[in-house]
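> Quick one: structure below, then a few questions.
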Amino acid sequence: MSYAYLFKYIIIGDTGVGKSCLLLQFTDKRFQPVHDLTIGVEFGARMITIDSKQIKLQIWDTAGQEAFRSITRSYYRGAAGALLVYDITRRETFNHLTTWLDDARQHSNSNMVIMLIGNKSDLESRREVKKEEGEAFAREHGLVFMETSAKTAANVEEAFINTAKEIYEKIQEGVFDINNEANGIKIGPQHSPTNPSLPGTGGAGGSQGSGCC
Amino acid sequence: MEYFRSGLKSVFGGTSFWKPTDGTRNERLVSRVSTSTLLEDRRDACRALKALSKKYRLEVGAQGMDVLRQVLELDRNDPDIVGYCLDTLCNVTSKEIFEEEGENDINMKVNVGEQFTEMFLKNSENITLVLSFLEEYDFRVRWPAVKLLTSLIDSKPKEIQDIILVSPMGVSKLMDLLLENREVIRNSALILLINLTKSNANIQKIVAFENAFDRLFDIIKEEGGTDGGIVVEDCLLLMLNLLKNNTSNINFFKEGSYIQKLAPMFILPPNLEEIGWSPQKISNFHCLLELIRTLVSPNNPVQIITACQKTMRNTDLLEALCNILMASGVPADILTETINTVGEVIRGNLTNQEYFANVLAPSNPPRPAIVVLLMSMVNEKQPFTLRCAVLYCFECFLFKNEIGQELVIQTLLPSNAGNTTLTTGQLLCSGLFSNDYLSNWFSAVALSHCLIENPAQKEQLLRVLLATNLGAQPHTSKLQAKLGILMLLANWMAYCPPAVKIFLNVPGAMAFLTAQTSASEYDNNEELLQGLCAFVMGLCVAFNDNSVPNYSKENLSQLIEKRVTTETYSKKLGEMSRHEVYAKAAKQPQIRAKHSSELLLEFEFCKLFKVLEGVIIQALGIQRDLSNGISELSLSERENALLLQYKELIREQDKKLQELQKISTISRRKIKN
């Protein structure tokens, strides 16, 4: 499918905060209560529409465990957006945000859009981190903030789409150098000026086929 | 230094490899590098060390490694000296044995290069240091750095992978090399990445994340596509490394619309017959086909296979592959591999299977491609691997394809007798009764795939008189022909009592099975035949509707017990699944036989065997219990006893509960009052 832009995302945060479930909810619209531990990194993709433009999101879901931290670092540089996730029912995942943020800021390009996400908002009774605390942290560090539930799908679409909107706005403002793919942004094939159409696709292949059979 | 030298002597047995003059010269050079305050001086010394590093690799490495490392850090701004150092390290750690050190036999006994590599890798900072030189644009630095890394990965891939994975931006620095405009660096980087990505999923994913596929498709295009040279092949090999067994990357490849980029590469130029296939083009094509098969490999998750298959149809890739099948002048090994590839692109995908069924060969009169392929399968003059490929492709066409199965069986039904055109059914029939035992095996297996999980076709096939010419019969003196026919029978009779009934009515059938199953001696894979006979016998018990008076379930069980004995029977059945031929065949759907003698068991049959082995044992077990006087009734009586016990328990508890409730209501009333 053709797209106007392609954005690369990464999802980061402590182990067990629901990163893989957020991705699954976003790409497949389903929730899997028991999810295997992510080893290294897993890939997912979906198309969204912003400003009536098709935008392809390529998302790399990283492993939260400490052992994979150095692998995760390899993904910062090439990403346009990051979802930094904590679990509202586990205070320590909120406490670790600074470490994650430092790591991200140190290894990513300075324009990377970071969205702070407090996940598991459906578990209100077990809440340990107030919504206001998340908001305050986001305000302090210049992040966008949202509480989501990968289980009920609440705000999941919004989290991914709002991040994309933010990146899109930065492109419009000319902040991102869209010709540098290292920023995690690609212009779609039909929008790129330097893409002579490949010979033999579509019609050409079809005509040859009919001639042969 | 004297200490070091004596140490080395003791390690290498004190042979007289040490020439005093060169040795002192070497020592002098090393000390000059480490102590001289003048850059020019150090540079000259490094250049001289480099010159000595092949012939006197042991000395240079043992004495110089630490010094060279220091220079790399301290003099990193001088391209020349860095280049000399990197080159020297490259020579010292190389796996290769240089001509210059020929007379030295130490290298034959101990791999010096490997030992120095280990020394160098002890400090992982060293690799980070070398990686940092990749960022230096100067050819004198970047090129030797690439060479050194290539050589190190070559000898210690696992260690380097682990180090690069944790060095900051390690993979990114290597990936940037693919954008190099100096071809020698870019091409070396390709080889380096091929070795680096081997069986390491994490590195594969990072490389893919760093836009590897875009880079590689760009290079392929620049180099002339499939007509390009070895660099194109290297690009394809790297892609293969990134995708093999890496679901995440396959998903990325599919989502990144890269299949669309592959598709046009399969379109053969119209003048190909004139220009022919160069060896390089054949290699490139093999890689391309392998790439496709990696994406739709039966080992991948089903939803990925389905999605890739769909894209391959929509981008006309399937069409292009089918055109290759029907084109003339295609080298036999490419044709064989294309047949396998087409098979996996259509396997289990109804739309693709339908497309394939409608492909016509440009023959006169036009025949369906399937018919033309099957003609090759039952033709003993065709190459063996090609015949195997056709069978696999045909199996893939029938996999989860009820309509396809029905179409084949239909061509065998009596109403079609007047048809004069050559049909799939006729070809299979002629193969089944041919005097070429391989055709027997191929056809029997092909026919059995028309029946898998398809009860309707099993019964339809019963209507067919499977004989073409009078007196023609399979080449049953050959083991393989027998195995083929028995596997067909097994697939046919499983879950199909009418087939079992007809089989039991064939005179001599049971006698043959009994004789084979009870045989105590065998040679050369005959245990497979005996096991298969035992299995078919078991199917006669498990799927018996007791409609043949002499061969009811009970009769047959007794026959097995008395004539074969249960012990022998279980042994024969057990030998089957323990056999290495079975294990090999059960591994993957494709027949991976290198020689015709390896054509014995087949994947789908193994699957059936695995499922039904237990069923048969159970069926026989119950029957045995019956004859021992323990009826099914008594079994349930035992269960009944247990049930009664529980009922009693529940009744008691219920009674107690009621009593307690009574008491509680009484007490509550008392409180109220």
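Residues in the structure tokens are named by chain (A, B, ... in the order shown) and by number from 1 within that chain; ligands are numbered from 1 in the order shown.
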For chain B against chain A, which residues fall within 7 Å using only C-alpha atoms, given as a PyMOL selection string?
chain B and resi 165-166+169+202+206+210+248+251-252+255+264+315-316+319+323+359-362
> Could you save those same residues with N, CA, C and O atoms as a compact mmCIF listing (two decimals), in the first residue's frame?

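out_9.txt written:
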```txt
# COMPACT_ATOMS: atom_id res chain seq x y z
N LEU B 165 27.43 -5.78 19.33
CA LEU B 165 26.06 -5.57 19.80
C LEU B 165 26.01 -4.58 20.97
O LEU B 165 25.05 -3.83 21.11
N VAL B 166 27.06 -4.58 21.80
CA VAL B 166 27.03 -3.68 22.95
C VAL B 166 27.88 -2.42 22.75
O VAL B 166 27.86 -1.54 23.60
N MET B 169 26.40 2.35 18.89
CA MET B 169 26.26 2.61 17.44
C MET B 169 27.16 1.70 16.60
O MET B 169 27.45 2.04 15.46
N ASN B 202 19.46 -10.68 16.84
CA ASN B 202 19.48 -9.29 17.31
C ASN B 202 20.21 -8.37 16.35
O ASN B 202 19.75 -7.27 16.05
N ILE B 206 18.73 -5.20 13.98
CA ILE B 206 19.28 -3.83 13.98
C ILE B 206 19.69 -3.45 12.56
O ILE B 206 19.42 -2.35 12.10
N GLU B 210 18.26 -0.37 10.41
CA GLU B 210 19.12 0.67 9.85
C GLU B 210 18.98 0.75 8.33
O GLU B 210 19.94 1.05 7.63
N SER B 248 10.39 -11.45 12.79
CA SER B 248 10.26 -10.00 12.92
C SER B 248 10.74 -9.30 11.65
O SER B 248 10.06 -8.40 11.12
N ASN B 251 8.40 -9.97 8.68
CA ASN B 251 7.25 -9.07 8.83
C ASN B 251 7.61 -7.66 8.35
O ASN B 251 6.85 -7.03 7.62
N PHE B 252 8.78 -7.21 8.74
CA PHE B 252 9.26 -5.89 8.33
C PHE B 252 9.43 -5.83 6.81
O PHE B 252 9.06 -4.86 6.16
N GLU B 255 5.97 -5.67 5.31
CA GLU B 255 5.33 -4.38 5.58
C GLU B 255 6.05 -3.23 4.88
O GLU B 255 5.46 -2.20 4.59
N PRO B 264 9.82 -7.58 -9.95
CA PRO B 264 10.29 -7.37 -11.32
C PRO B 264 11.57 -8.13 -11.66
O PRO B 264 11.87 -8.36 -12.83
N THR B 315 1.51 -8.80 -6.72
CA THR B 315 2.59 -8.09 -7.40
C THR B 315 3.03 -8.84 -8.65
O THR B 315 4.08 -8.54 -9.21
N ASP B 316 2.27 -9.84 -9.06
CA ASP B 316 2.57 -10.63 -10.27
C ASP B 316 3.86 -11.44 -10.14
O ASP B 316 4.41 -11.90 -11.12
N GLU B 319 3.02 -14.94 -11.04
CA GLU B 319 2.89 -15.03 -12.49
C GLU B 319 4.27 -15.15 -13.15
O GLU B 319 4.49 -16.01 -14.01
N ASN B 323 5.83 -18.17 -15.38
CA ASN B 323 6.38 -17.97 -16.71
C ASN B 323 7.76 -18.61 -16.85
O ASN B 323 8.11 -19.12 -17.91
N VAL B 359 -2.87 -22.10 -15.00
CA VAL B 359 -1.72 -21.76 -15.85
C VAL B 359 -1.62 -22.78 -16.98
O VAL B 359 -1.69 -23.99 -16.73
N LEU B 360 -1.50 -22.29 -18.19
CA LEU B 360 -1.41 -23.19 -19.33
C LEU B 360 0.00 -23.16 -19.90
O LEU B 360 0.63 -22.11 -19.98
N ALA B 361 0.47 -24.33 -20.30
CA ALA B 361 1.78 -24.41 -20.94
C ALA B 361 1.62 -24.06 -22.41
O ALA B 361 0.62 -24.41 -23.02
N PRO B 362 2.62 -23.38 -22.99
CA PRO B 362 2.51 -22.98 -24.39
C PRO B 362 2.76 -24.14 -25.35
O PRO B 362 3.52 -24.03 -26.29
```
> Could you tell me, as a PyMOL selection string, which residues of stretch 21-180 of chain A DSSP assigns to strand (DSSP E or B) when given the backbone?
chain A and resi 41-50+53-62+81-87+113-119+144-147
> What's the separation between atom CA of B:Gly508 and atom CA of B:Glu459, in Å to one decimal place?
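Rounded to one decimal, the two atoms are 22.3 Å apart.
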> So that I can see what lies close to B:Gly574, please list as a PyMOL selection string the residues with an atom at most 12 Å from it, counting only C-alpha atoms and leaving out residues fewer than 2 positions away in the same chain.
chain B and resi 527-528+530-532+534-535+566-572+576-579+582+609-610+613-614+616-617
> Generate a file of the selected residues that holds N, CA and C atoms, formatted as a short mmCIF file (atom, residue, chain, number, x, y, z; two decimals), in the first residue's frame.

```
data_model
loop_
_atom_site.label_atom_id
_atom_site.label_comp_id
_atom_site.auth_asym_id
_atom_site.auth_seq_id
_atom_site.Cartn_x
_atom_site.Cartn_y
_atom_site.Cartn_z
N GLU B 527 12.65 -53.16 7.51
CA GLU B 527 11.87 -52.96 8.73
C GLU B 527 10.81 -51.89 8.51
N LEU B 528 11.08 -50.97 7.55
CA LEU B 528 10.08 -49.95 7.22
C LEU B 528 8.86 -50.60 6.58
N GLN B 530 7.90 -53.67 6.97
CA GLN B 530 7.19 -54.45 7.98
C GLN B 530 6.39 -53.54 8.90
N GLY B 531 6.99 -52.43 9.27
CA GLY B 531 6.28 -51.48 10.13
C GLY B 531 5.06 -50.91 9.44
N LEU B 532 5.22 -50.61 8.16
CA LEU B 532 4.10 -50.07 7.40
C LEU B 532 2.96 -51.08 7.30
N ALA B 534 2.33 -53.42 9.45
CA ALA B 534 1.72 -53.45 10.78
C ALA B 534 0.76 -52.29 10.93
N PHE B 535 1.17 -51.12 10.44
CA PHE B 535 0.34 -49.93 10.55
C PHE B 535 -0.97 -50.10 9.76
N THR B 566 1.32 -59.75 20.22
CA THR B 566 1.24 -58.32 20.52
C THR B 566 2.62 -57.71 20.66
N GLU B 567 3.51 -58.49 21.21
CA GLU B 567 4.87 -58.01 21.44
C GLU B 567 5.54 -57.65 20.12
N THR B 568 5.53 -58.61 19.18
CA THR B 568 6.14 -58.37 17.86
C THR B 568 5.45 -57.21 17.18
N TYR B 569 4.13 -57.19 17.30
CA TYR B 569 3.37 -56.15 16.62
C TYR B 569 3.79 -54.76 17.11
N SER B 570 3.83 -54.55 18.42
CA SER B 570 4.20 -53.24 18.95
C SER B 570 5.64 -52.91 18.58
N LYS B 571 6.47 -53.94 18.54
CA LYS B 571 7.87 -53.71 18.18
C LYS B 571 7.97 -53.20 16.75
N LYS B 572 7.23 -53.85 15.83
CA LYS B 572 7.28 -53.43 14.43
C LYS B 572 6.78 -51.99 14.27
N MET B 576 9.20 -48.16 13.43
CA MET B 576 8.90 -47.18 12.38
C MET B 576 9.24 -45.77 12.85
N SER B 577 8.63 -45.34 13.95
CA SER B 577 8.80 -43.95 14.37
C SER B 577 10.18 -43.69 14.94
N ARG B 578 10.90 -44.77 15.24
CA ARG B 578 12.25 -44.56 15.75
C ARG B 578 13.28 -44.54 14.62
N HIS B 579 12.85 -44.90 13.44
CA HIS B 579 13.77 -45.04 12.31
C HIS B 579 14.27 -43.68 11.86
N TYR B 582 12.37 -42.12 9.04
CA TYR B 582 11.13 -41.51 9.49
C TYR B 582 11.40 -40.10 10.03
N PHE B 609 0.93 -41.18 10.63
CA PHE B 609 1.41 -42.24 11.49
C PHE B 609 1.47 -41.78 12.94
N LYS B 610 1.97 -40.57 13.10
CA LYS B 610 2.14 -40.02 14.45
C LYS B 610 0.79 -39.91 15.17
N GLU B 613 -0.83 -43.82 15.50
CA GLU B 613 -0.13 -44.90 16.21
C GLU B 613 -0.80 -45.18 17.55
N GLY B 614 -1.08 -44.10 18.27
CA GLY B 614 -1.72 -44.25 19.58
C GLY B 614 -3.12 -44.81 19.46
N ILE B 616 -4.29 -46.77 17.23
CA ILE B 616 -4.25 -48.21 16.93
C ILE B 616 -3.94 -49.01 18.18
N ILE B 617 -2.93 -48.55 18.91
CA ILE B 617 -2.55 -49.26 20.14
C ILE B 617 -3.75 -49.34 21.07
#
```
> For A:Ser110, find every residue with an atom within 10 Å (counting only C-alpha atoms), except residues of its own chain fewer than 2 positions away, and show them as a list in words.
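That gives Arg77, Ala80, Ala104, Arg105, Gln106, His107, Ser108, Met112, Val113, Phe176 and Asn183 of chain A.
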> May I ask for the distance between atom CA of B:Asp75 and atom CA of B:Leu39, given in Å to one decimal place?
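Computing the Euclidean distance for atom CA of B:Asp75 and atom CA of B:Leu39 yields 8.1 Å.
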> Taking the DSSP assignment computed from this structure's backbone, write out as an NGL selection string all residues of stretch 72-184 of chain A that belong to helix (DSSP H, G or I).
:A and (72-73 or 91-95 or 97-107 or 124-126 or 131-141 or 156-173 or 181-183)
> Hey, what's within 9 Å of B:Ala189 if we count only C-alpha atoms and toss same-chain stuff fewer than 6 positions away? As a list in words, please?
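Result of the neighbour search: Val146, Lys147, Thr150, Leu174, Met175, Leu177 and Leu178 of chain B.
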> May I have the selected residues written with all heavy atoms, as an mmCIF file, in the first residue's frame?

```
data_model
loop_
_atom_site.group_PDB
_atom_site.id
_atom_site.type_symbol
_atom_site.label_atom_id
_atom_site.label_comp_id
_atom_site.auth_asym_id
_atom_site.auth_seq_id
_atom_site.Cartn_x
_atom_site.Cartn_y
_atom_site.Cartn_z
ATOM 1 N N VAL B 146 38.197 -1.574 7.911
ATOM 2 C CA VAL B 146 37.233 -2.548 7.388
ATOM 3 C C VAL B 146 37.905 -3.906 7.226
ATOM 4 O O VAL B 146 37.354 -4.940 7.611
ATOM 5 C CB VAL B 146 36.666 -2.065 6.027
ATOM 6 C CG1 VAL B 146 35.822 -3.164 5.377
ATOM 7 C CG2 VAL B 146 35.837 -0.808 6.201
ATOM 8 N N LYS B 147 39.113 -3.894 6.693
ATOM 9 C CA LYS B 147 39.816 -5.163 6.474
ATOM 10 C C LYS B 147 40.066 -5.894 7.794
ATOM 11 O O LYS B 147 39.863 -7.094 7.892
ATOM 12 C CB LYS B 147 41.160 -4.904 5.758
ATOM 13 C CG LYS B 147 41.025 -4.816 4.261
ATOM 14 C CD LYS B 147 42.386 -4.954 3.580
ATOM 15 C CE LYS B 147 43.334 -3.844 4.021
ATOM 16 N NZ LYS B 147 44.605 -3.872 3.300
ATOM 17 N N THR B 150 36.846 -7.348 9.126
ATOM 18 C CA THR B 150 36.447 -8.504 8.314
ATOM 19 C C THR B 150 37.241 -9.731 8.725
ATOM 20 O O THR B 150 36.681 -10.813 8.917
ATOM 21 C CB THR B 150 36.696 -8.216 6.816
ATOM 22 O OG1 THR B 150 36.114 -6.958 6.496
ATOM 23 C CG2 THR B 150 36.076 -9.288 5.947
ATOM 24 N N LEU B 174 28.776 0.377 10.829
ATOM 25 C CA LEU B 174 29.000 -0.569 9.739
ATOM 26 C C LEU B 174 28.000 -0.353 8.616
ATOM 27 O O LEU B 174 28.331 -0.455 7.440
ATOM 28 C CB LEU B 174 28.899 -1.999 10.266
ATOM 29 C CG LEU B 174 30.022 -2.429 11.199
ATOM 30 C CD1 LEU B 174 29.679 -3.737 11.891
ATOM 31 C CD2 LEU B 174 31.307 -2.599 10.409
ATOM 32 N N MET B 175 26.765 -0.032 9.004
ATOM 33 C CA MET B 175 25.726 0.165 7.994
ATOM 34 C C MET B 175 26.015 1.386 7.118
ATOM 35 O O MET B 175 25.705 1.401 5.937
ATOM 36 C CB MET B 175 24.355 0.319 8.658
ATOM 37 C CG MET B 175 23.773 -0.972 9.164
ATOM 38 S SD MET B 175 23.627 -2.205 7.859
ATOM 39 C CE MET B 175 22.482 -1.390 6.768
ATOM 40 N N LEU B 177 28.660 2.219 5.986
ATOM 41 C CA LEU B 177 29.628 1.864 4.949
ATOM 42 C C LEU B 177 28.956 1.469 3.638
ATOM 43 O O LEU B 177 29.552 1.534 2.574
ATOM 44 C CB LEU B 177 30.521 0.706 5.423
ATOM 45 C CG LEU B 177 31.422 0.985 6.617
ATOM 46 C CD1 LEU B 177 32.133 -0.293 7.020
ATOM 47 C CD2 LEU B 177 32.439 2.066 6.274
ATOM 48 N N LEU B 178 27.686 1.057 3.727
ATOM 49 C CA LEU B 178 26.992 0.655 2.501
ATOM 50 C C LEU B 178 26.698 1.863 1.615
ATOM 51 O O LEU B 178 26.337 1.723 0.458
ATOM 52 C CB LEU B 178 25.691 -0.088 2.825
ATOM 53 C CG LEU B 178 25.835 -1.477 3.453
ATOM 54 C CD1 LEU B 178 24.478 -2.133 3.595
ATOM 55 C CD2 LEU B 178 26.744 -2.370 2.603
#
```
> Restricting the calculation to only C-alpha atoms, which member of A:Ser20, A:Asn119, A:Asn109, A:Ser52 is positioned closest to A:Gly64?
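Of all the options, A:Ser20 lies closest to A:Gly64.
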> Could you pull the residues within 8 Å of A:Ile114, counting only C-alpha atoms, minus those fewer than 5 positions along the same chain, as an mmCIF file with C-alpha atoms, in the first residue's frame?

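The new file result35.cif reads:
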```
data_model
loop_
_atom_site.group_PDB
_atom_site.id
_atom_site.type_symbol
_atom_site.label_atom_id
_atom_site.label_comp_id
_atom_site.auth_asym_id
_atom_site.auth_seq_id
_atom_site.Cartn_x
_atom_site.Cartn_y
_atom_site.Cartn_z
ATOM 1 C CA GLY A 81 9.019 8.693 17.758
ATOM 2 C CA ALA A 82 9.217 6.852 21.056
ATOM 3 C CA LEU A 83 6.506 5.678 23.385
ATOM 4 C CA LEU A 84 7.907 5.634 26.897
ATOM 5 C CA LEU A 143 6.744 15.170 26.795
ATOM 6 C CA VAL A 144 3.211 14.486 25.645
ATOM 7 C CA THR A 163 2.687 10.950 18.401
#
```
> Near B:Pro331, counting only C-alpha atoms, which residues have an atom at most 10 Å away, once you skip same-chain residues fewer than 2 positions from it, shown as an MDAnalysis selection string?
chainID B and resid 276:277 282 328:329 333:336
